[in-house]
Amino acid sequence: MESVLAILVGVMVAGSVYLILGRNLIRFIFGLVLASNAVNLLLFTGGRLTHSRPPLIAEGASTPVGPVANALPQALMLTAIVIGFALLVFIFVLFYRAYQEIGTVDTEFMRLAEPPDAVTPGPTCPIEPKEV
Amino acid sequence: MSLLVFPILIPLLAAVCAFFCGRRRLWQAYVSVGASVLQLGACGMLFSTVRQGGIQAEQMGGWPAPFGITLAADHLSAVMLVITAIIGLAANIYALADIDKRYQALGFHTLYQILIAAISGAFLTGDLFNLYVWFEVMLMASFGLLVMGGEPHQLDGGVKYVTLNLIATLMFITGLGLLYALTGTLNMAHLYVKVQAVDNPALMTTVAMLFIMAFGLKAGAFPLFFWLPASYHTPPPAIAAVFSGLLTKVGVYALIRAFTLIFIQDVAATHGLILIMACFTMVVGVLGAAVQNAFRRILAFHIISQVGYMILGLGLYTRLALAGAVFYLIHHIIVKANLFLISGLVSKIYGHDDLKHLGDLYQRSGLMAVLFIIPAFSLAGFPPLSGFWAKFVLIQASLEKGAYLPAALALVVGLLTVYSMTKIWIAVFWEPPPEVEKPTPPGKEVGIGLPLLVPVMILAAMTVVIGLGAQPLMEVALAAADELLAPQQYVQAVLVGEGS
């Protein structure tokens with residue numbers, strides 16, 4: 001089962017790399033979502049797929065009875081998911097604001113912070129910035 | 001509650017208070033500056049405790065070491081905390097005059113204090129996953145500060161900063177996941193014990209490479225630095241100073257910590273790679289700076305080349321080299337933050353920072369010229385300023401190790417740094433300004449108030465003091481290097497009763 005999940009992680013990472021390498025920022029977002037899910041799955045698999053009993057300790061006892069699931073990777077994953085979600089929301093807003101101000105989501109034309117040299121002009125933006 | 005909690009707790013509480021001050025901007029500023037002063041006190045106390053009593057460790061929530069989250073402070077952490085608090089306070093005072101009302105209403109002080117808390121947390125934590133969380137907090141706060149004004153060029157720089165840093169974060173957590181799968185622990189001291197038993201050198205090297213990529217990108221090392229010159233010149237100077245002084249150094253710190261404590265099985269491969277990266281970083285950064293024509297963009301490229309020096313110390317991996325790296329970190333944080341603050345002063349006077357349209361500042365303000373030339377020549381490594389000793393120690397360490405090429409490169413890069421700094425000096429202070437371009441309309445002379453000047457003066461004075469009396473700081477750096485090269489001390493302090 002671990003090997004199936006490992007292959008799945010590999011496929012997801014490959015897909016995300018393909019998407020991230022595109023010039024379009026929307027593709028980048030989808031690639032990022034895919035990649036962060038792949039990493040979460042990797043964390044989960046890294047903790048080994050063990051027994052399905054929850055690691056609950058009976059009252060009065062100090063250790064659980066019998067084999068139980070490893071709770072730590074799940075806690076790590078949960079933290080990573082929460083953080084990833086917050087970052088995703090931020091990145092959506094940031095890209096939308098950038099689109100409003102710059103008028104494009106094509107990274108080739110996003111040269112405001114690093115303007116191309118005046119002598120050798122870079123590609124110019126085909127779309128005029130939108131009035132907001 | 002031990003001393004270790006305060007450097008994180010004080011700024012976090014200040015962030016909450018500043019948030020609830022809402023529109024009362026003056027209260028926000030009082031809370032924020034007050035917290036920065038307290039922070040400096042707490043970090044100073046922690047530093048003196050570490051100096052006297054050795055490595056301090058504290059288990060959060062009372063859970064014993066490998067299970068709970070550990071906070072630990074050795075010499076490296078403590079000295080980084082002190083310097084963070086100093087820059088935090090200096091930039092905060094500067095911000096009183098530099099950050100406009102709109103930023104403050106948007107919550108500048110809240111984000112700023114969260115950023116300081118996250119940086120302190122990253123320096124203090126003894127748990128790798130906790131380090132990831134602090135990195136995320138730091139990123140989130142820095143994203144907010146970077147794009148706060150909502151100017152088009154800020155958003156453009158912000159997009160590049162955010163995307164590349166998120167990829168670094170993903171690599172970090174991938175490495176974390178694999179490391180946990182290999183060892184079953186994420187406590188750094190426990191990892192030191194556990195990785196020695198891992199019988200899979202290939203996978204260990206893979207994980208080490210992931211960590212080099214992740215931390216190297218945060219540090220701005222070659223070839224992973226492209227987010228840095230795209231974004232660091234866009235926010236207001238006070239924010240840029242904190243970013244340039246502290247954020248990349250958290251990456252350098254994480255590299256030093258991971259590659260002296262966890263990944264020390266295959267030093268020839270990992271540290272050899274770091275050494276090669278360091279050489280390229282030094283050269284590419286300084287060449288990038290040479291072709292730039294805006295004050296702050298030159299400075300941004302110089303951060304990259306200076307990061308090269310620091311990881312050069314890590315790559316050499318000897319006592320003197322690590323001490324040199326620690327010394328360089330401290331010197332660089334002071335000098336670089338100061339240069340960004342000064343570039344802010346210049347932009348305030350002229351309204352922009354394009355070198356082609358600046359000039360004549362020497363005649364208008366001799367004080368500014370002196371204040372610029374101290375950090376600039378310190379950056380280039382002129383005696384008797386702090387940069388001279390930093391470079392001297394690193395070059396001596398490379399010669400002792402027989403690494404002649406890195407030593408030669410370090411010297412050449414120093415020379416090219418002088419070129420860039422002279423370029424700024426001539427363009428800003430000496431040249432007569434272009435005739436057509438009136439710098440500021442008459443009668444609209446911009447005053448430079450005390451809140452702007454005092455932090456710059458203090459940081460410049462620190463550069464001189466470190467330069468004239470380098471010995472005490474060098475002793476601290478050597479103590480830090482000793483601890484880094486003998487991780488057993490750190491492990492014993494964290495895993496009390498575990499043995500090593």
# chains A, B, ... in the order shown; residues from 1 in each chain; ligands from 1
call {"tool": "closest_atom_pairs", "arguments": {"of": "chain B", "to": "chain A", "cutoff": "7 Å", "atoms": "only C-alpha atoms", "output": "Markdown table"}}
result
| residue | atom | partner | partner_atom | distance |
| --- | --- | --- | --- | --- |
| B:Pro152 | CA | A:Glu101 | CA | 5.5 |
| B:His153 | CA | A:Ala113 | CA | 4.7 |
| B:Gln154 | CA | A:Ala113 | CA | 6.9 |
| B:Leu155 | CA | A:Ala98 | CA | 5.4 |
| B:Asp156 | CA | A:Ala113 | CA | 6.0 |
| B:Gly157 | CA | A:Ala113 | CA | 5.5 |
| B:Val159 | CA | A:Phe95 | CA | 6.9 |
| B:Leu170 | CA | A:Ser36 | CA | 6.6 |
| B:Thr174 | CA | A:Val39 | CA | 5.8 |
| B:Gly177 | CA | A:Leu43 | CA | 4.7 |
| B:Leu178 | CA | A:Gly46 | CA | 6.3 |
| B:Tyr180 | CA | A:Gly46 | CA | 6.8 |
| B:Ala181 | CA | A:Gly46 | CA | 4.4 |
| B:Ala230 | CA | A:Ala113 | CA | 6.1 |
| B:Ser231 | CA | A:Ala113 | CA | 6.9 |
call {"tool": "write_last_selection", "arguments": {"atoms": "N, CA, C and O atoms", "output": "tab-separated table (two decimals), in the first residue's frame"}}
result
chain	number	residue	atom	x	y	z
B	152	PRO	N	1.55	49.00	-7.84
B	152	PRO	CA	1.76	47.96	-8.86
B	152	PRO	C	3.13	47.27	-8.76
B	152	PRO	O	3.20	46.05	-8.85
B	153	HIS	N	4.20	48.06	-8.56
B	153	HIS	CA	5.51	47.39	-8.54
B	153	HIS	C	5.70	46.56	-7.28
B	153	HIS	O	6.41	45.56	-7.29
B	154	GLN	N	5.01	46.96	-6.19
B	154	GLN	CA	5.06	46.13	-4.98
B	154	GLN	C	4.37	44.80	-5.22
B	154	GLN	O	4.86	43.74	-4.83
B	155	LEU	N	3.20	44.85	-5.89
B	155	LEU	CA	2.47	43.61	-6.14
B	155	LEU	C	3.26	42.71	-7.06
B	155	LEU	O	3.31	41.50	-6.88
B	156	ASP	N	3.92	43.32	-8.05
B	156	ASP	CA	4.73	42.53	-8.98
B	156	ASP	C	5.87	41.84	-8.24
B	156	ASP	O	6.07	40.62	-8.36
B	157	GLY	N	6.61	42.62	-7.42
B	157	GLY	CA	7.68	42.02	-6.63
B	157	GLY	C	7.13	40.99	-5.67
B	157	GLY	O	7.71	39.93	-5.46
B	159	VAL	N	4.49	39.07	-5.96
B	159	VAL	CA	4.13	37.81	-6.61
B	159	VAL	C	5.35	36.91	-6.71
B	159	VAL	O	5.30	35.72	-6.37
B	170	LEU	N	7.58	24.20	0.42
B	170	LEU	CA	7.17	22.83	0.07
B	170	LEU	C	8.37	21.88	0.12
B	170	LEU	O	8.26	20.74	0.57
B	174	THR	N	8.77	18.64	2.49
B	174	THR	CA	9.06	17.34	1.88
B	174	THR	C	10.26	16.70	2.59
B	174	THR	O	10.22	15.52	2.98
B	177	GLY	N	9.22	15.47	5.96
B	177	GLY	CA	8.46	14.23	5.91
B	177	GLY	C	9.38	13.04	5.73
B	177	GLY	O	9.24	12.02	6.42
B	178	LEU	N	10.35	13.17	4.82
B	178	LEU	CA	11.27	12.06	4.57
B	178	LEU	C	12.15	11.80	5.78
B	178	LEU	O	12.44	10.65	6.13
B	180	TYR	N	11.40	12.39	8.87
B	180	TYR	CA	10.59	11.72	9.89
B	180	TYR	C	10.41	10.25	9.55
B	180	TYR	O	10.49	9.38	10.43
B	181	ALA	N	10.20	9.98	8.26
B	181	ALA	CA	10.04	8.58	7.85
B	181	ALA	C	11.30	7.77	8.13
B	181	ALA	O	11.24	6.59	8.47
B	230	ALA	N	14.07	40.92	-7.02
B	230	ALA	CA	12.79	41.30	-7.61
B	230	ALA	C	11.90	42.01	-6.62
B	230	ALA	O	10.98	42.72	-7.00
B	231	SER	N	12.15	41.82	-5.33
B	231	SER	CA	11.16	42.32	-4.38
B	231	SER	C	11.72	43.26	-3.31
B	231	SER	O	11.00	44.09	-2.79
call {"tool": "residues_around", "arguments": {"residues": "region 365-377 of chain B", "least_positions_apart": "5", "cutoff": "9 Å", "atoms": "only C-alpha atoms", "output": "list in words"}}
result
Ile334, Val335, Lys336, Asn338, Leu339, Ile342, Ser343, Leu345, Val346, Asp360, Phe382, Pro383, Leu385, Ser386, Gly387, Phe388, Thr417, Val418, Met421, Thr422, Trp425, Phe429, Val456, Met457, Leu459, Ala460, Ala461, Thr463 and Val464 of chain B
call {"tool": "atom_distance", "arguments": {"atom1": "CA of Pro432 (chain B)", "atom2": "CA of Leu355 (chain B)"}}
result
11.8 Å
call {"tool": "residues_around", "arguments": {"residues": "Cys43 (chain B)", "least_positions_apart": "2", "cutoff": "9 Å", "atoms": "only C-alpha atoms", "output": "PyMOL selection string"}}
result
chain B and resi 3-4+6-7+38-41+45-48+78-79+81-85
call {"tool": "write_last_selection", "arguments": {"atoms": "N, CA, C and O atoms", "output": "PDB file, in the first residue's frame"}}
result
ATOM      1  N   LEU B   3      13.384  32.221  30.721  1.00  0.00           N
ATOM      2  CA  LEU B   3      13.738  33.367  29.914  1.00  0.00           C
ATOM      3  C   LEU B   3      13.525  33.117  28.423  1.00  0.00           C
ATOM      4  O   LEU B   3      13.359  34.040  27.640  1.00  0.00           O
ATOM      5  N   LEU B   4      13.523  31.830  28.039  1.00  0.00           N
ATOM      6  CA  LEU B   4      13.500  31.502  26.621  1.00  0.00           C
ATOM      7  C   LEU B   4      12.202  31.884  25.928  1.00  0.00           C
ATOM      8  O   LEU B   4      12.160  32.028  24.719  1.00  0.00           O
ATOM      9  N   PHE B   6      10.302  34.604  26.462  1.00  0.00           N
ATOM     10  CA  PHE B   6       9.994  36.027  26.311  1.00  0.00           C
ATOM     11  C   PHE B   6      10.290  36.596  24.925  1.00  0.00           C
ATOM     12  O   PHE B   6       9.491  37.385  24.426  1.00  0.00           O
ATOM     13  N   PRO B   7      11.414  36.250  24.285  1.00  0.00           N
ATOM     14  CA  PRO B   7      11.648  36.837  22.965  1.00  0.00           C
ATOM     15  C   PRO B   7      10.540  36.526  21.962  1.00  0.00           C
ATOM     16  O   PRO B   7      10.374  37.244  20.987  1.00  0.00           O
ATOM     17  N   LEU B  38      11.484  46.253  25.379  1.00  0.00           N
ATOM     18  CA  LEU B  38      11.415  45.089  26.271  1.00  0.00           C
ATOM     19  C   LEU B  38      12.088  43.880  25.652  1.00  0.00           C
ATOM     20  O   LEU B  38      12.819  43.134  26.313  1.00  0.00           O
ATOM     21  N   GLN B  39      11.839  43.705  24.351  1.00  0.00           N
ATOM     22  CA  GLN B  39      12.418  42.583  23.613  1.00  0.00           C
ATOM     23  C   GLN B  39      13.940  42.617  23.686  1.00  0.00           C
ATOM     24  O   GLN B  39      14.585  41.598  23.920  1.00  0.00           O
ATOM     25  N   LEU B  40      14.471  43.841  23.496  1.00  0.00           N
ATOM     26  CA  LEU B  40      15.929  43.984  23.554  1.00  0.00           C
ATOM     27  C   LEU B  40      16.441  43.591  24.936  1.00  0.00           C
ATOM     28  O   LEU B  40      17.447  42.879  25.070  1.00  0.00           O
ATOM     29  N   GLY B  41      15.705  44.032  25.982  1.00  0.00           N
ATOM     30  CA  GLY B  41      16.103  43.672  27.340  1.00  0.00           C
ATOM     31  C   GLY B  41      16.079  42.173  27.551  1.00  0.00           C
ATOM     32  O   GLY B  41      17.026  41.581  28.086  1.00  0.00           O
ATOM     33  N   MET B  45      19.242  39.724  28.388  1.00  0.00           N
ATOM     34  CA  MET B  45      19.333  38.873  29.575  1.00  0.00           C
ATOM     35  C   MET B  45      19.592  37.423  29.191  1.00  0.00           C
ATOM     36  O   MET B  45      20.412  36.731  29.800  1.00  0.00           O
ATOM     37  N   LEU B  46      18.881  36.985  28.150  1.00  0.00           N
ATOM     38  CA  LEU B  46      19.071  35.608  27.697  1.00  0.00           C
ATOM     39  C   LEU B  46      20.509  35.404  27.242  1.00  0.00           C
ATOM     40  O   LEU B  46      21.146  34.382  27.562  1.00  0.00           O
ATOM     41  N   PHE B  47      21.044  36.403  26.540  1.00  0.00           N
ATOM     42  CA  PHE B  47      22.413  36.296  26.040  1.00  0.00           C
ATOM     43  C   PHE B  47      23.401  36.169  27.196  1.00  0.00           C
ATOM     44  O   PHE B  47      24.289  35.313  27.178  1.00  0.00           O
ATOM     45  N   SER B  48      23.202  37.003  28.225  1.00  0.00           N
ATOM     46  CA  SER B  48      24.166  36.935  29.335  1.00  0.00           C
ATOM     47  C   SER B  48      24.013  35.615  30.088  1.00  0.00           C
ATOM     48  O   SER B  48      24.996  35.060  30.575  1.00  0.00           O
ATOM     49  N   ALA B  78      21.480  32.880  20.754  1.00  0.00           N
ATOM     50  CA  ALA B  78      21.383  34.031  21.647  1.00  0.00           C
ATOM     51  C   ALA B  78      21.895  35.288  20.964  1.00  0.00           C
ATOM     52  O   ALA B  78      21.261  36.356  21.037  1.00  0.00           O
ATOM     53  N   VAL B  79      23.021  35.178  20.271  1.00  0.00           N
ATOM     54  CA  VAL B  79      23.580  36.380  19.664  1.00  0.00           C
ATOM     55  C   VAL B  79      22.702  36.830  18.496  1.00  0.00           C
ATOM     56  O   VAL B  79      22.510  38.032  18.263  1.00  0.00           O
ATOM     57  N   LEU B  81      19.482  36.479  18.449  1.00  0.00           N
ATOM     58  CA  LEU B  81      18.310  37.109  19.068  1.00  0.00           C
ATOM     59  C   LEU B  81      18.618  38.547  19.442  1.00  0.00           C
ATOM     60  O   LEU B  81      17.792  39.451  19.218  1.00  0.00           O
ATOM     61  N   VAL B  82      19.805  38.770  20.026  1.00  0.00           N
ATOM     62  CA  VAL B  82      20.152  40.128  20.435  1.00  0.00           C
ATOM     63  C   VAL B  82      20.179  41.046  19.222  1.00  0.00           C
ATOM     64  O   VAL B  82      19.625  42.146  19.228  1.00  0.00           O
ATOM     65  N   ILE B  83      20.796  40.563  18.146  1.00  0.00           N
ATOM     66  CA  ILE B  83      20.924  41.410  16.969  1.00  0.00           C
ATOM     67  C   ILE B  83      19.553  41.655  16.327  1.00  0.00           C
ATOM     68  O   ILE B  83      19.261  42.742  15.828  1.00  0.00           O
ATOM     69  N   THR B  84      18.676  40.631  16.384  1.00  0.00           N
ATOM     70  CA  THR B  84      17.313  40.816  15.885  1.00  0.00           C
ATOM     71  C   THR B  84      16.600  41.909  16.667  1.00  0.00           C
ATOM     72  O   THR B  84      15.928  42.772  16.090  1.00  0.00           O
ATOM     73  N   ALA B  85      16.778  41.860  17.997  1.00  0.00           N
ATOM     74  CA  ALA B  85      16.106  42.866  18.827  1.00  0.00           C
ATOM     75  C   ALA B  85      16.654  44.259  18.533  1.00  0.00           C
ATOM     76  O   ALA B  85      15.900  45.233  18.493  1.00  0.00           O
TER      77      ALA B  85
END
call {"tool": "atom_distance", "arguments": {"atom1": "CA of Val267 (chain B)", "atom2": "CA of Ala410 (chain B)"}}
result
21.9 Å
call {"tool": "closest_residue", "arguments": {"among": "B:Tyr404, B:Tyr30, B:Tyr253, B:Phe295", "to": "Thr125 (chain B)", "atoms": "only C-alpha atoms"}}
result
B:Tyr253
call {"tool": "closest_residue", "arguments": {"among": "A:Val93, A:Leu56, A:Leu19, A:Ala14", "to": "Val162 (chain B)", "atoms": "only C-alpha atoms"}}
result
A:Val93
call {"tool": "atom_distance", "arguments": {"atom1": "CA of Pro236 (chain B)", "atom2": "CA of Glu151 (chain B)"}}
result
11.2 Å
call {"tool": "decode", "arguments": {"residues": "region 93-106 of chain A", "atoms": "N, CA and C atoms", "output": "PDB file, in the first residue's frame"}}
result
ATOM      1  N   VAL A  93      -5.760  36.214  -3.372  1.00  0.00           N
ATOM      2  CA  VAL A  93      -6.032  37.655  -3.285  1.00  0.00           C
ATOM      3  C   VAL A  93      -4.886  38.438  -3.912  1.00  0.00           C
ATOM      4  N   LEU A  94      -3.650  38.015  -3.604  1.00  0.00           N
ATOM      5  CA  LEU A  94      -2.486  38.730  -4.140  1.00  0.00           C
ATOM      6  C   LEU A  94      -2.484  38.694  -5.663  1.00  0.00           C
ATOM      7  N   PHE A  95      -2.733  37.514  -6.227  1.00  0.00           N
ATOM      8  CA  PHE A  95      -2.706  37.401  -7.689  1.00  0.00           C
ATOM      9  C   PHE A  95      -3.837  38.222  -8.301  1.00  0.00           C
ATOM     10  N   TYR A  96      -4.995  38.222  -7.631  1.00  0.00           N
ATOM     11  CA  TYR A  96      -6.107  38.998  -8.172  1.00  0.00           C
ATOM     12  C   TYR A  96      -5.773  40.486  -8.158  1.00  0.00           C
ATOM     13  N   ARG A  97      -5.187  40.943  -7.019  1.00  0.00           N
ATOM     14  CA  ARG A  97      -4.802  42.360  -6.940  1.00  0.00           C
ATOM     15  C   ARG A  97      -3.744  42.680  -7.997  1.00  0.00           C
ATOM     16  N   ALA A  98      -2.789  41.762  -8.167  1.00  0.00           N
ATOM     17  CA  ALA A  98      -1.752  41.993  -9.174  1.00  0.00           C
ATOM     18  C   ALA A  98      -2.381  42.078 -10.556  1.00  0.00           C
ATOM     19  N   TYR A  99      -3.369  41.227 -10.808  1.00  0.00           N
ATOM     20  CA  TYR A  99      -4.048  41.260 -12.103  1.00  0.00           C
ATOM     21  C   TYR A  99      -4.757  42.595 -12.294  1.00  0.00           C
ATOM     22  N   GLN A 100      -5.391  43.087 -11.222  1.00  0.00           N
ATOM     23  CA  GLN A 100      -6.079  44.383 -11.308  1.00  0.00           C
ATOM     24  C   GLN A 100      -5.105  45.505 -11.639  1.00  0.00           C
ATOM     25  N   GLU A 101      -3.917  45.470 -11.002  1.00  0.00           N
ATOM     26  CA  GLU A 101      -2.993  46.596 -11.158  1.00  0.00           C
ATOM     27  C   GLU A 101      -2.167  46.472 -12.434  1.00  0.00           C
ATOM     28  N   ILE A 102      -1.750  45.258 -12.751  1.00  0.00           N
ATOM     29  CA  ILE A 102      -0.810  45.086 -13.857  1.00  0.00           C
ATOM     30  C   ILE A 102      -1.557  44.726 -15.140  1.00  0.00           C
ATOM     31  N   GLY A 103      -2.714  44.106 -15.011  1.00  0.00           N
ATOM     32  CA  GLY A 103      -3.526  43.820 -16.181  1.00  0.00           C
ATOM     33  C   GLY A 103      -3.190  42.524 -16.875  1.00  0.00           C
ATOM     34  N   THR A 104      -2.360  41.689 -16.268  1.00  0.00           N
ATOM     35  CA  THR A 104      -2.041  40.421 -16.900  1.00  0.00           C
ATOM     36  C   THR A 104      -1.668  39.403 -15.833  1.00  0.00           C
ATOM     37  N   VAL A 105      -1.813  38.122 -16.161  1.00  0.00           N
ATOM     38  CA  VAL A 105      -1.331  37.078 -15.262  1.00  0.00           C
ATOM     39  C   VAL A 105      -0.210  36.317 -15.933  1.00  0.00           C
ATOM     40  N   ASP A 106       0.314  36.865 -17.036  1.00  0.00           N
ATOM     41  CA  ASP A 106       1.425  36.234 -17.737  1.00  0.00           C
ATOM     42  C   ASP A 106       2.724  36.771 -17.151  1.00  0.00           C
TER      43      ASP A 106
END
